[in-house]
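Quick notes on the structure that follows.
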Amino acid sequence: MDIFIQQIINGLVLGSIYALVALGYTMVYGIMGLINFAHGEVVMIGALVALSVIKLLANSGLPGVVIVLIGLMAAALVCMAVGFAIERVAYRPLRKAPKLAPLITAIGVSIVLQNLAMLIWGRNYHAFPPILPNGEHEILGATITSVQIAIIIIAAAMMGGLILLINRTRLGRAMRATAENPGIAQLMGVNINQIISLTFVIGSALAAVAGLMVSANYSIAHYYMGFVLGLKAFTAAVLGGIGNLAGAMLGGILLGLIESLGAGYIGDLTGGFFGSNYQDVFAFLVLICVLVFRPSGLVGEKAAERA
Amino acid sequence: MTLFESLRHNRRAAIGAMLFLGILLAVLPFTVGSMMGNSWLRILDFALLYIMLALGLNIVVGFAGLLDLGYIAFYAVGAYFYALLASPHFGLHLPVWLIIPGGAMLAGLFGIILGAPTLRLRGDYLAIVTLGFGEIVRIFMNNLNAPINITNGPQGISGIDPINMGGVTLAKPIEFVGITIPSLHAYYYLFLGLALLIVFVSIRLEDSRIGRAWVAIREDEIAAKACGINTRNIKLLAFAMGASFGGVAGGLFAGFQGFVSPESFSLMESVMVLCMVVLGGMGNIPGVILGGILLTLLPEAFRHGAGPVQMALFGKILLDPEALRMLAFGLALIVVMLYRPAGLWPSSTRRREFKGEGA
Amino acid sequence: MQFSRVPSITLAVAAALALIGCGQKEEPKPQAAAPVAAPAPAPVPAPKPEVTVKLGHVAPLTGPQAHLGKDNENGARMAVDELNAQNLEIGGAKVKFELLAEDDQADPKQGTIVAQKLVDAKVNGVIGHLNSGTTIPASKIYFDAGIPQISGSATNPKYTQQGFKTAFRVMANDVQQGKILGEYAVKQLGAKSVAIIDDRSAYGQGLADEFKKAVEAAGVKIVANEFTNDKATDFAAILTKIKSKKPDVVFYGGMDAQGGPMAKQMKTLGLKNAKFLTGDGGCTPEFIKLGGEAAEGQYCSLPGVPLESMPGGKAFGDKFTAKYGQIQLYAPYVYDAVMVAADAMKRANSVEPATYLPEIGKTSYQGVTARIMFDELGDLKGGSVSMYQVKAGKWSYLETLGGDVMAAAKDAVAEAKEAVVEAVKATGEAAKATGDAAKEMAKDAAKEGVKAGAEAVKGAADATRGAAEATKAAVEKK
């Protein structure tokens with residue numbers, strides 16, 4: 001039983017990480033209808049910047065949490081600048097271009113960011129300095145660390161905060177208007193360029209948080225980490241219904257649970273024929289099944305029947 | 001397709017252009033091989049394979065407007081089909097004329113398997129499902145070495161028979177009426193022949209009822225349905241046709257390389273083929289060909305250029321040439337799309353639409 | 001209008017040709033890419049002819065494995081620099097070595113393109129590639145061109161089993177290493193139940209399979225066989241499953257970037273009593289860096305014998321660290337690979353691939369990782385494997401297993417020395433002894449002692465044979 005609870009916790013933690021990254025994807029998609037494929041790389045930049053700052057301050061005598069917060073601030077600032085630049089350079093000129101054009105520039109941006117990071121931070125892996133208290137807690141015989149608890153709480157808080165932002169503030173209303181119809185929003189006095197820039201900046205700040213939490217949890221950062229993370233988070237966002245913030249959270253948690261339970265029990269369920277090597281197959285099959293029955297994801301709005 | 005229309009109407013120009021192109025393509029390997037070395041010839045061979053892939057994907061993405069991020073799976077199916085039936089792995093050595101069409105058919109079948117559950121999906125949802133499909137195929141190939149060893153898992157299959165036509169193996173120089181055709185050249189001609197065949201089929205398909213139905217679906221699925229197009233069958237046909245081209249290219253790849261392993265069929269490969277289609281000009285056959293050529297040659301040109309250019313400019317290596325090469329490649333993707341959002345060579349209808357929209 | 005469109009298809013081809021043309025202009029220059037060639041050699045008045053020996057080196061320099069690729073390249077670069085500093089003369093000409101370093105991104109297709117590029121550049125030999133997946137298809141191109149290829153890190157047995165006489169490897173292959181690791185887990189670690197994880201890469205799966213065979217052959221149960229991939233960071237799910245099976249030893253076939261975090265997560269999940277064992281991929285300082293405290297007490301294996309115990313090994317390590325930073329993994333093997341190629345050229349007195357190729361097969365070279373001799377396939381003969389354990393945040397050497405030739409070269413020599421001392425002592429005693437029994441005993445001891453002594457002297461001259469015999473003698477004595 002404790003093994004099962006542990007697997008659920010593993011899934012929740014992994015899922016919250018996916019959700020943190022997926023929120024960034026879905027936020028941009030919700031406003032602009034565009035998949036920011038470079039988001040995973042922004043997460044990577046966030047992780048590496050935070051790590052560099054934290055490493056610099058590791059011996060300064062400040063309490064660990066303060067150092068981490070400073071690292072987070074630095075990472076958020078850099079990521080916001082990167083996000084702003086990406087939107088200006090790679091997406092804004094293509095706002096009216098065929099739908100796949102921004103996809104290609106996004107791939108270009110990913111390649112550039114990855115190789116820039118390789119030049120700046122080198123090819124080696126970076127370890128997260130052990131400055132956070134390594135608190136391990138027992139829940140019904142299963143273990144969870146303080147960082148992991150923080151990840152789950154932060155992911156949920158982020159989602160809540162974003163939903164409030166979008167539904168309850170002036171900025172949010174402008175965002176929704178932009179998402180609905182940019183042309184009319186502009187006529188109503190919304191500066192849509194500013195709104196879209198802001199959306200990207202907020203999404204990138206989220207990426208910084210995600211990057212920091214991921215590298216703190218696994219104690220590893222590397223210029224290549226964004227690719228896989230971005231891919232999984234994208235899957236999660238689509239599973240939940242891309243463009244929907246609650247959906248991103250739900251999709252992330254669900255994907256985490258599927259992977260964790262899949263790796264844990266698929267072998268026993270299939271008599272050893274399939275093992276944890278088919279974990280991703282299992283996850284993708286669930287995704288396909290969900291999309292076959294709900295073509296717009298779990299809680300996604302039904303897409304209008306237009307081509 | 002006014003380009004091909006015009007060629008059809010103006011006979012002299014058509015014959016002239018074809019003749020010029022034919023001679024150019026025929027002598028290309030010899031000029032490239034002797035002037036620039038065999039590595040460029042090998043790159044050219046790969047460029048032809050990628051042209052086949054890009055044309056296959058163009059049917060799905062360019063004609064029918066279905067975003068496919070798992071296209072490399074069909075390439076993998078073709079490659080593994082060849083590898084399993086013509087290698088010491090199972091001790092089978094079937095002839096090429098059986099395997100390549102067989103691989104194309106199997107890949108086509110996989111195309112239908114992929115297409116069937118995804119008929120209702122569109123846009124980004126379709127993209128993620130096809131991406132998942134590509135990964136599923138790769139994961140199976142990577143893991144089917146136990147409990148029964150089918151694909152030999154991550155170790156890949158080595159010692160694959162080279163392509164052998166009528167008792168003549170392409171792996172060794174061929175003596176042909178007094179001329180020696182080296183192996184790479186022979187592969188070039190074979191690939192060129194098949195690529196031309198695929199170009200031909202693509203052109204004919206585009207002009208056919210089916211091709212027009214694909215375009216109709218791309219432009220407006222509901223309207224297409226209302227016009228009496230069986231959208232289900234037509235979509236499945238697009239997946240199957242596109243996939244079969246990929247299967248052909250895969251089989252050729254296996255015979256050419258002599259080794260296949262799952263790492264050749266990663267997601268990044270699917271993305272690259274998609275880039276070829278979009279960058280070249282979605283839906284326009286010459287554009288897609290150009291995209292395939294460019295994206296195969298560009299990284300290699302940067303490979304040759306990154307170090308020497310720095311040496312010439314600064315007198316020393318300032319930045320790691322390999323990182324620079326990839327940086328330049330990424331920037332090239334961005335810049336091309338910024339200046340040619342509809343692709344380098346868009347189809348004329350698309351260009352008109354785009355201009356209309358942009359104004 | 002219509003007519004003007006006609007030539008546009010030729011335009012595409014022309015554009016493509018122009019592009020090829022661009023590449024062509026740069027074609028003669030790629031050698032310059034290697035910074036080694038950058039500083040112009042000081043003008044030497046000597047009229048001696050000079051030949052440039054081009055050595056190709058291929059490894060992934062971009063993408064997720066770039067850190068290992070760069071490490072390999074640095075190993076090769078250091079060897080080339082040292083060779084150039086020696087001012088070698090081969091075949092009456094001064095020899096200058098030049099390294100053509102290429103990136104294959106661990107992609108088999110690019111592996112063949114790069115291989116062809118090196119063949120076109122008329123390299124005299126190739127060092128690499130790093131991954132088996134790129135090495136195998138590329139080896140055919142080198143074979144067809146008759147260019148010797150020595151890999152310092154491709155461990156897939158298939159590489160040398162293709163029948164290519166140009167293919168060599170200066171490292172134990174997966175079969176050799178996996179077997180020794182399996183036996184180590186059962187005998188030395190006393191495993192009663194074993195869990196295996198592999199990363200489904202050609203390397204990790206190959207090693208894990210051989211490990212599994214060896215463990216099962218020893219009659220020990222495999223309680224769990226789990227998988228991850230070479231880009232993963234989260235192993236909680238598979239480790240939780242393994243925890244439920246309560247193994248004594250967890251073996252991981254894969255690289256340090258996964259191994260380190262895996263050891264850490266094992267500890268967090270309470271798999272504290274299981275010993276963690278991994279192969280050469282995890283036998284790096286990165287593993288300790290990433291594993292943190294959880295790395296302490298874990299085991300790994302590395303083909304060959306520890307650098308410190310090899311003649312010149314420590315010097316190599318210090319020099320490398322000073323120049324390029326910490327050794328990641330395969331740099332010493334690649335360094336040896338370059339040296340083996342140069343050594344064969346010296347013996348053949350030629351840098352021509354066709355002439356020195358047969359000499360590589362006859363190599364008996366004292367490298368920094370092992371005494372390198374090849375079997376008929378081109379594999380390292382009797383590759384030994386050394387075991388290490390993390391103690392106080394550092395990999396420390398435990399013992400060397402397997403490999404009869406130079407496996408325990410150092411130990412054997414030490415034992416031989418001891419034997420000599422004992423023999424001398426015994427002889428002295430024998431002279432003093434008066435009783436029959438004592439006399440007889442002394443006689444035997446003296447005989448053995450003298451034999452051992454003689455062997456030991458011989459061993460000093462010919463380390464290979466001497467060491468083996470001395471070991472034998474020492475064992476006899478005991």
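Naming works like this for the structure tokens: A, B, ... for the chains as they're shown, residue 1 at the start of each chain, ligands 1 onward in shown order.
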Selection: 12 Å around Ile153 (chain A), only C-alpha atoms, excl. self and same-chain fewer than 4 positions, as a ChimeraX atom specification: /A:12-13,16-17,19-20,146-149,157-161,213,249
Residues of chain A within 7 Å of chain C, counting only C-alpha atoms, as a list in words: Ile3, Gln6, Gln7, Asn10, Arg123, Asn124, Ala127, Thr143, Tyr218, Ser219, Ile220, Tyr224, Ser260, Ala263, Gly264, Gly275, Ser276 and Asn277 of chain A
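When the distance limit is 12 Å and only C-alpha atoms are what count, the residues near Gly22 (chain B), minus those fewer than 3 positions from it on the same chain, are Ala14, Ile15, Gly16, Ala17, Met18, Leu19, Leu25, Ala26, Val27, Leu28, Tyr189, Leu192, Gly193 and Leu196 of chain B; Ile9, Thr10 and Val13 of chain C.
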For the selection just defined, write its residues with N, CA and C atoms to a file, as a short mmCIF file (atom, residue, chain, number, x, y, z; two decimals), in the first residue's frame.
data_model
loop_
_atom_site.label_atom_id
_atom_site.label_comp_id
_atom_site.auth_asym_id
_atom_site.auth_seq_id
_atom_site.Cartn_x
_atom_site.Cartn_y
_atom_site.Cartn_z
N ALA B 14 9.06 23.97 -72.49
CA ALA B 14 9.04 22.80 -71.62
C ALA B 14 10.17 21.85 -71.97
N ILE B 15 10.28 21.55 -73.28
CA ILE B 15 11.31 20.61 -73.70
C ILE B 15 12.69 21.17 -73.38
N GLY B 16 12.86 22.47 -73.65
CA GLY B 16 14.15 23.10 -73.37
C GLY B 16 14.51 22.99 -71.90
N ALA B 17 13.56 23.36 -71.05
CA ALA B 17 13.81 23.34 -69.62
C ALA B 17 14.12 21.92 -69.15
N MET B 18 13.32 20.96 -69.63
CA MET B 18 13.51 19.57 -69.21
C MET B 18 14.88 19.05 -69.64
N LEU B 19 15.25 19.40 -70.88
CA LEU B 19 16.52 18.93 -71.42
C LEU B 19 17.67 19.46 -70.57
N LEU B 25 21.17 17.32 -64.09
CA LEU B 25 21.07 16.31 -63.05
C LEU B 25 21.95 15.10 -63.36
N ALA B 26 22.11 14.80 -64.66
CA ALA B 26 22.90 13.63 -65.03
C ALA B 26 24.38 13.85 -64.76
N VAL B 27 24.86 15.05 -65.01
CA VAL B 27 26.30 15.26 -64.83
C VAL B 27 26.64 15.74 -63.41
N LEU B 28 25.59 16.09 -62.65
CA LEU B 28 25.83 16.65 -61.32
C LEU B 28 26.77 15.82 -60.45
N TYR B 189 22.01 8.03 -58.85
CA TYR B 189 21.10 7.85 -59.97
C TYR B 189 19.84 7.10 -59.56
N LEU B 192 17.80 9.49 -57.54
CA LEU B 192 17.28 10.53 -58.43
C LEU B 192 16.07 9.98 -59.19
N GLY B 193 16.25 8.77 -59.70
CA GLY B 193 15.16 8.17 -60.46
C GLY B 193 13.90 8.07 -59.62
N LEU B 196 12.42 11.46 -58.84
CA LEU B 196 11.68 11.99 -59.99
C LEU B 196 10.33 11.30 -60.12
N ILE C 9 11.77 26.60 -62.75
CA ILE C 9 12.16 25.32 -62.13
C ILE C 9 13.67 25.13 -62.21
N THR C 10 14.21 25.64 -63.31
CA THR C 10 15.67 25.56 -63.40
C THR C 10 16.30 26.50 -62.39
N VAL C 13 17.03 24.71 -59.23
CA VAL C 13 18.24 23.90 -59.33
C VAL C 13 19.46 24.80 -59.31
#
Sel. of strand (DSSP E) residues, region 48-276 of chain A, as a PyMOL selection string: chain A and resi 136-139+142-145
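Note that the spacing between CA of Gly141 (chain A) and CA of Glu259 (chain A) amounts to 21.2 Å.
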